[in-house]
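File shown: model_39.cif (mmCIF, C-alpha atoms).
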```
data_my_file
loop_
_atom_site.label_atom_id
_atom_site.label_comp_id
_atom_site.auth_asym_id
_atom_site.auth_seq_id
_atom_site.Cartn_x
_atom_site.Cartn_y
_atom_site.Cartn_z
CA MET M 1 11.00 21.11 189.11
CA GLU M 2 7.41 22.41 188.85
CA LYS M 3 7.73 24.05 192.30
CA ASN M 4 10.90 25.86 191.18
CA ILE M 5 9.16 27.14 188.04
CA TYR M 6 6.27 28.44 190.11
CA GLN M 7 8.64 30.09 192.60
CA ASN M 8 10.51 31.76 189.74
CA ARG M 9 7.22 33.10 188.47
CA ILE M 10 6.35 34.54 191.90
CA ASN M 11 9.80 36.14 192.14
CA LEU M 12 9.30 37.69 188.69
CA TYR M 13 5.96 39.19 189.71
CA ILE M 14 7.38 40.61 192.95
CA ASN M 15 10.35 42.08 191.07
CA GLU M 16 7.87 43.74 188.70
CA LEU M 17 6.03 45.23 191.68
CA ASP M 18 9.31 46.80 192.85
CA LYS M 19 9.38 48.75 189.57
CA VAL M 20 5.79 49.98 189.91
CA ASP M 21 4.96 53.51 191.05
CA LEU M 22 3.18 52.45 194.23
CA ALA M 23 1.86 55.97 194.77
CA ASN M 24 -0.33 55.53 191.67
CA PRO M 25 -3.31 53.25 192.48
CA LEU M 26 -4.17 52.76 188.79
CA VAL M 27 -0.73 51.29 188.15
CA VAL M 28 -1.00 49.12 191.28
CA LEU M 29 -4.31 47.70 190.05
CA GLU M 30 -2.76 47.04 186.65
CA TRP M 31 -0.11 44.94 188.42
CA PHE M 32 -2.80 42.95 190.25
CA TYR M 33 -4.47 42.33 186.89
CA LYS M 34 -1.23 41.00 185.42
CA VAL M 35 -0.77 38.51 188.28
CA SER M 36 -4.42 37.39 188.38
CA ASP M 37 -3.51 33.95 187.02
CA ALA M 38 -1.26 33.43 190.08
CA SER M 39 -3.72 34.56 192.77
CA ILE M 40 -2.94 31.44 194.78
CA MET M 41 0.45 32.97 195.62
CA PHE M 42 -1.27 35.22 198.17
CA GLN M 43 -1.88 32.13 200.29
CA ILE M 44 1.87 32.08 200.93
CA SER M 45 2.33 34.21 204.04
CA GLU M 46 5.76 35.55 203.06
CA VAL M 47 4.38 36.79 199.75
CA SER M 48 1.13 38.31 201.03
CA ASP M 49 2.85 39.91 204.05
CA LEU M 50 5.47 41.50 201.80
CA ILE M 51 2.90 42.97 199.40
CA TYR M 52 0.56 44.01 202.22
CA THR M 53 3.38 45.89 203.97
CA LYS M 54 4.49 47.61 200.75
CA LEU M 55 0.99 48.92 200.08
CA ILE M 56 0.23 49.96 203.67
CA ASN M 57 3.55 51.83 203.79
CA ASN M 58 2.48 53.70 200.65
CA GLY M 59 -0.72 55.01 202.20
CA TYR M 60 -3.28 52.36 201.27
CA ARG M 61 -5.72 50.94 203.81
CA GLU M 62 -8.04 47.99 204.27
CA VAL M 63 -11.77 48.15 203.61
CA LEU M 64 -13.66 49.22 206.70
CA SER M 65 -17.18 47.91 206.11
CA SER M 66 -19.53 45.97 203.84
CA GLU M 67 -21.12 49.31 202.94
CA GLU M 68 -17.82 50.42 201.42
CA GLU M 69 -17.69 47.24 199.35
CA ALA M 70 -21.22 47.85 198.05
CA LYS M 71 -20.34 51.47 197.23
CA THR M 72 -17.27 50.33 195.31
CA TYR M 73 -19.35 47.91 193.26
CA TYR M 74 -21.96 50.58 192.47
CA SER M 75 -19.30 53.10 191.43
CA LEU M 76 -17.49 50.58 189.26
CA ILE M 77 -20.59 49.41 187.41
CA ASN M 78 -22.05 52.87 186.86
CA ALA M 79 -18.74 54.68 186.28
CA ARG M 80 -20.35 58.11 186.13
CA MET M 81 -18.90 61.18 187.81
CA ILE M 82 -16.39 59.15 189.79
CA ASN M 83 -12.90 59.85 191.01
CA LEU M 84 -10.76 57.11 189.48
CA ASP M 85 -8.07 57.46 192.13
CA ASP M 86 -10.60 56.98 194.94
CA LEU M 87 -12.26 54.04 193.19
CA ALA M 88 -8.91 52.33 192.60
CA ARG M 89 -7.96 52.83 196.25
CA ASN M 90 -11.27 51.29 197.35
CA ILE M 91 -10.58 48.19 195.27
CA ILE M 92 -7.05 47.96 196.67
CA ALA M 93 -8.59 48.20 200.16
CA LEU M 94 -10.64 45.08 199.37
CA ILE M 95 -7.51 43.33 198.09
CA LEU M 96 -5.63 44.18 201.28
CA LYS M 97 -8.38 42.62 203.37
CA SER M 98 -7.90 39.31 201.53
CA ILE M 99 -4.13 39.16 201.46
CA LYS M 100 -3.80 40.19 205.12
CA GLU M 101 -5.58 36.93 205.92
CA HIS M 102 -3.26 35.02 203.53
CA LYS M 103 -6.11 34.20 201.18
CA SER M 104 -6.38 34.20 197.42
CA ILE M 105 -8.25 37.25 196.18
CA ASP M 106 -11.91 36.21 196.06
CA LEU M 107 -13.83 36.06 192.80
CA THR M 108 -15.85 39.22 193.47
CA VAL M 109 -12.74 41.33 194.03
CA GLN M 110 -11.03 39.68 191.03
CA SER M 111 -13.99 40.80 188.93
CA PHE M 112 -13.57 44.35 190.28
CA ILE M 113 -9.90 44.28 189.22
CA LYS M 114 -10.82 43.03 185.74
CA ILE M 115 -13.66 45.48 185.14
CA PHE M 116 -11.65 48.46 186.40
CA ASN M 117 -8.65 47.70 184.22
CA GLU M 118 -10.71 46.90 181.14
CA LYS M 119 -12.52 50.22 181.52
CA PHE M 120 -9.80 52.56 182.71
CA ASN M 121 -6.47 50.93 181.78
CA ALA M 122 -7.86 49.56 178.54
CA GLU M 123 -4.98 50.24 176.13
CA ASP M 124 -2.30 48.70 178.34
CA ILE M 125 -4.46 45.78 179.46
CA PHE M 126 -5.67 44.75 176.01
CA SER M 127 -2.11 45.08 174.70
CA LEU M 128 -1.06 42.63 177.43
CA MET M 129 -3.88 40.29 176.37
CA MET M 130 -2.75 40.34 172.73
CA GLU M 131 0.76 39.38 173.84
CA ARG M 132 -0.58 36.53 175.97
CA LEU M 133 -2.60 35.24 173.05
CA LYS M 134 0.33 35.39 170.63
CA ASN M 135 2.48 33.55 173.17
CA ASN M 136 -0.10 30.74 173.10
CA ILE M 137 -0.38 30.26 169.34
CA GLY M 138 -0.28 26.54 168.65
CA THR M 139 -1.84 25.60 172.00
CA ARG M 140 -5.37 24.49 172.78
CA ILE M 141 -7.63 27.10 174.36
CA VAL M 142 -11.17 27.44 175.65
CA ALA M 143 -13.22 30.28 174.14
CA THR M 144 -16.40 31.75 175.61
CA ILE M 145 -18.20 33.49 172.76
CA VAL M 146 -21.50 35.32 172.35
CA VAL M 147 -23.15 34.21 169.11
CA ASN M 148 -26.59 35.58 168.20
CA ASN M 149 -27.05 36.79 171.81
CA GLU M 150 -26.21 33.44 173.41
CA PHE M 151 -23.06 32.19 175.12
CA ILE M 152 -21.31 29.22 173.53
CA LEU M 153 -18.06 27.42 174.36
CA LYS M 154 -15.48 26.41 171.79
CA VAL M 155 -12.34 24.37 172.47
CA GLY M 156 -9.62 24.21 169.84
CA THR M 157 -6.13 25.14 168.75
CA LEU M 158 -5.25 28.81 168.52
CA ASN M 159 -3.80 29.19 165.02
CA GLN M 160 -3.44 32.95 164.60
CA VAL M 161 -3.95 36.32 166.33
CA ASN M 162 -4.85 39.43 164.38
CA ASP M 163 -4.40 42.09 167.09
CA TYR M 164 -7.67 43.74 168.21
CA VAL M 165 -9.51 42.34 165.18
CA SER M 166 -9.77 38.54 165.30
CA ILE M 167 -8.29 35.20 166.27
CA THR M 168 -8.29 31.90 164.38
CA ILE M 169 -9.25 28.69 166.19
CA ASP M 170 -9.06 25.41 164.25
CA GLU M 171 -8.82 27.49 161.05
CA GLU M 172 -12.07 29.37 161.88
CA ILE M 173 -11.68 33.16 162.02
CA ILE M 174 -13.53 34.68 165.01
CA PRO M 175 -13.65 38.47 165.44
CA PHE M 176 -13.19 39.96 168.90
CA ILE M 177 -16.31 42.04 168.15
CA GLY M 178 -18.09 41.40 164.87
CA LYS M 179 -21.45 40.79 163.18
CA ASN M 180 -23.62 39.00 165.79
CA ILE M 181 -20.53 37.56 167.45
CA ALA M 182 -18.04 38.67 170.13
CA ILE M 183 -15.43 37.00 172.32
CA SER M 184 -16.03 37.20 176.05
CA LYS M 185 -13.17 35.07 177.42
CA LEU M 186 -10.20 33.05 176.21
CA ASN M 187 -8.44 30.70 178.61
CA SER M 188 -5.66 28.19 178.32
CA ILE M 189 -6.62 24.56 178.90
CA ASN M 190 -5.16 24.77 182.43
CA GLY M 191 -7.38 27.77 183.23
CA ASN M 192 -5.01 30.72 182.81
CA SER M 193 -6.76 33.85 181.55
CA LEU M 194 -5.49 34.96 178.14
CA TYR M 195 -8.25 37.41 177.26
CA ASN M 196 -11.27 38.83 179.05
CA ASN M 197 -13.80 41.42 177.93
CA SER M 198 -16.38 42.21 180.62
CA ARG M 199 -18.32 44.38 178.16
CA VAL M 200 -19.33 41.36 176.08
CA ILE M 201 -22.75 40.17 177.25
CA PRO M 202 -25.59 38.40 175.39
CA SER M 203 -27.80 41.50 175.30
CA MET M 204 -25.29 43.68 173.42
CA ASP M 205 -26.44 44.81 169.98
CA LEU M 206 -24.09 43.49 167.31
CA SER M 207 -26.62 43.62 164.50
CA ASN M 208 -25.22 46.56 162.54
CA ALA M 209 -21.86 47.91 161.42
CA THR M 210 -22.27 51.23 163.25
CA ASN M 211 -22.64 49.56 166.66
CA ILE M 212 -19.81 47.13 165.96
CA THR M 213 -17.39 49.91 165.00
CA ARG M 214 -18.44 52.03 167.98
CA LEU M 215 -17.91 49.18 170.45
CA ASN M 216 -14.52 48.26 168.99
CA GLU M 217 -13.36 51.87 169.24
CA GLU M 218 -14.76 52.35 172.76
CA ILE M 219 -13.14 49.17 174.07
CA PHE M 220 -9.84 48.94 172.16
CA LYS M 221 -9.30 52.70 171.65
CA ASP M 222 -6.57 53.74 169.20
CA ASN M 223 -5.23 50.17 169.10
CA TYR M 224 -8.29 49.14 167.10
CA ARG M 225 -8.09 52.08 164.70
CA GLN M 226 -4.42 51.36 164.03
CA ALA M 227 -5.07 47.65 163.54
CA VAL M 228 -7.86 48.33 161.01
CA ALA M 229 -5.67 50.86 159.20
CA LYS M 230 -2.98 48.17 158.76
CA VAL M 231 -5.50 45.79 157.22
CA ILE M 232 -6.78 48.48 154.86
#
```

Using structure tokens, write down the structure that the file contains.
Amino acid sequence: MEKNIYQNRINLYINELDKVDLANPLVVLEWFYKVSDASIMFQISEVSDLIYTKLINNGYREVLSSEEEAKTYYSLINARMINLDDLARNIIALILKSIKEHKSIDLTVQSFIKIFNEKFNAEDIFSLMMERLKNNIGTRIVATIVVNNEFILKVGTLNQVNDYVSITIDEEIIPFIGKNIAISKLNSINGNSLYNNSRVIPSMDLSNATNITRLNEEIFKDNYRQAVAKVI
């Protein structure tokens, strides 16, 4: 029964890929983000060969050297004066290298996919995260939170989701980005990613309202402004 459920999930993801504009590398990377919790499916040769062929036939290529991988990392982290299309294609090239060998996408490349999408597909990706969270209300989750510039872990039941503003775990309200506190990751108990914010690190300054508002608006864009307007 469990195998059938997993196969149905793979079929759903592949059907979604058929609806994607494969000529647009930003949209392709968004799809890889959405299926990140099922990365093990690329170990199945029929799946990885199908996706590899689709992408190669649409003009993508594999990474050629370790220098290219280093350049991709530098461009992604700095994100200044870059061509988004080229950067997305470089990340896809790294993905192709993995799936050609029928391997799960390695953690480094998964982090590239996450950072890229959270920076450049932010509105769609964070909207997807809010939906995932709301679909898990009532379940137990693991939260990685920065509190007073230190990481802490909290395990509890997700009671409520206030889109782009806060969540409630075990009746405690925790803002996504607030006064000396921010949420870095939220995972289900079985490890599925529900929310990830690569911008949240211990050194970020959350000491004043101006910084907090700026970060919320930079990360969540108009979604945050609209959410705050609803509260007001």

Can you give me, as an mmCIF file with C-alpha atoms, keeping the file's coordinate frame, the residues this file yields under the PyMOL selection byres ((chain M and resi 151-164) around 7)?
```cif
data_model
loop_
_atom_site.group_PDB
_atom_site.id
_atom_site.type_symbol
_atom_site.label_atom_id
_atom_site.label_comp_id
_atom_site.auth_asym_id
_atom_site.auth_seq_id
_atom_site.Cartn_x
_atom_site.Cartn_y
_atom_site.Cartn_z
ATOM 1 C CA MET M 130 -2.750 40.340 172.730
ATOM 2 C CA LEU M 133 -2.600 35.240 173.050
ATOM 3 C CA LYS M 134 0.330 35.390 170.630
ATOM 4 C CA ILE M 137 -0.380 30.260 169.340
ATOM 5 C CA GLY M 138 -0.280 26.540 168.650
ATOM 6 C CA THR M 139 -1.840 25.600 172.000
ATOM 7 C CA ARG M 140 -5.370 24.490 172.780
ATOM 8 C CA ILE M 141 -7.630 27.100 174.360
ATOM 9 C CA VAL M 142 -11.170 27.440 175.650
ATOM 10 C CA ALA M 143 -13.220 30.280 174.140
ATOM 11 C CA THR M 144 -16.400 31.750 175.610
ATOM 12 C CA ILE M 145 -18.200 33.490 172.760
ATOM 13 C CA VAL M 146 -21.500 35.320 172.350
ATOM 14 C CA VAL M 147 -23.150 34.210 169.110
ATOM 15 C CA ASN M 149 -27.050 36.790 171.810
ATOM 16 C CA GLU M 150 -26.210 33.440 173.410
ATOM 17 C CA VAL M 165 -9.510 42.340 165.180
ATOM 18 C CA SER M 166 -9.770 38.540 165.300
ATOM 19 C CA ILE M 167 -8.290 35.200 166.270
ATOM 20 C CA THR M 168 -8.290 31.900 164.380
ATOM 21 C CA ILE M 169 -9.250 28.690 166.190
ATOM 22 C CA ASP M 170 -9.060 25.410 164.250
ATOM 23 C CA GLU M 171 -8.820 27.490 161.050
ATOM 24 C CA PHE M 176 -13.190 39.960 168.900
ATOM 25 C CA PRO M 202 -25.590 38.400 175.390
ATOM 26 C CA PHE M 220 -9.840 48.940 172.160
ATOM 27 C CA ASN M 223 -5.230 50.170 169.100
ATOM 28 C CA TYR M 224 -8.290 49.140 167.100
ATOM 29 C CA ALA M 227 -5.070 47.650 163.540
#
```

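The coordinates place atom CA of Ala70 of chain M at 24.5 Å from atom CA of Ser48 of chain M.
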
Practice task
Check which residues satisfy the PyMOL selection byres ((chain M and resi 87) around 12) in the file shown, then give them as a VMD selection string.
Solution key: chain M and resid 25 to 26 29 63 68 to 86 88 to 94 112 to 113 115 to 117 120

Practice task
For the file shown, report as an MDAnalysis selection string the outcome of the PyMOL selection byres ((chain M and resi 100) around 12) at residue level.
Solution key: chainID M and resid 42:56 61:63 92:99 101:105

Kindly compute an axis-aligned box around the listed atoms of segment 163-166 of chain M, allowing 6 Å on each side, and express its centre and edge lengths in Å to one decimal as lines of an AutoDock Vina configuration file.
```
center_x = -7.1
center_y = 41.1
center_z = 166.7
size_x = 17.4
size_y = 17.2
size_z = 15.0
```

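Our summary of the geometry notes that atom CA of Phe126 of chain M is positioned 11.3 Å from atom CA of Asp222 of chain M.
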
Practice task
For Thr213 of chain M, please output as a ChimeraX atom specification all residues within 12 Å (counting all atoms listed in the file; exclusion window: fewer than 2 positions along the same chain).
Solution key: /M:164-165,176-179,205-211,215-221,224-225,228

Which segment 17-80 of chain M residues have any atom within 12 Å of an atom of segment 180-196 of chain M, and for each, what is the nearest pair of atoms with distance in Å to one decimal, counting all atoms listed in the file, rows sorted by chain and number, as JSON lines?
```
{"residue": "M:Tyr33", "atom": "CA", "partner": "M:Ser193", "partner_atom": "CA", "distance": 10.3}
{"residue": "M:Lys34", "atom": "CA", "partner": "M:Ser193", "partner_atom": "CA", "distance": 9.8}
{"residue": "M:Val35", "atom": "CA", "partner": "M:Ser193", "partner_atom": "CA", "distance": 10.1}
{"residue": "M:Ser36", "atom": "CA", "partner": "M:Ser193", "partner_atom": "CA", "distance": 8.0}
{"residue": "M:Asp37", "atom": "CA", "partner": "M:Asn192", "partner_atom": "CA", "distance": 5.5}
{"residue": "M:Ala38", "atom": "CA", "partner": "M:Asn192", "partner_atom": "CA", "distance": 8.6}
{"residue": "M:Ser39", "atom": "CA", "partner": "M:Asn192", "partner_atom": "CA", "distance": 10.8}
```

Restricting the output to C-alpha atoms, write the selected residues as a short mmCIF file (atom, residue, chain, number, x, y, z; two decimals), keeping the file's coordinate frame.
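Listing of part_30.cif after writing:
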```
data_model
loop_
_atom_site.label_atom_id
_atom_site.label_comp_id
_atom_site.auth_asym_id
_atom_site.auth_seq_id
_atom_site.Cartn_x
_atom_site.Cartn_y
_atom_site.Cartn_z
CA TYR M 33 -4.47 42.33 186.89
CA LYS M 34 -1.23 41.00 185.42
CA VAL M 35 -0.77 38.51 188.28
CA SER M 36 -4.42 37.39 188.38
CA ASP M 37 -3.51 33.95 187.02
CA ALA M 38 -1.26 33.43 190.08
CA SER M 39 -3.72 34.56 192.77
#
```

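Reported to one decimal place, the separation of atom CA of Val27 of chain M from atom CA of Asn121 of chain M is 8.6 Å.
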
Problem - Which of M:Pro175, M:Gly59, M:Glu30, M:Ile40 sits closest to Ala122 of chain M [using all atoms listed in the file] - result: M:Glu30
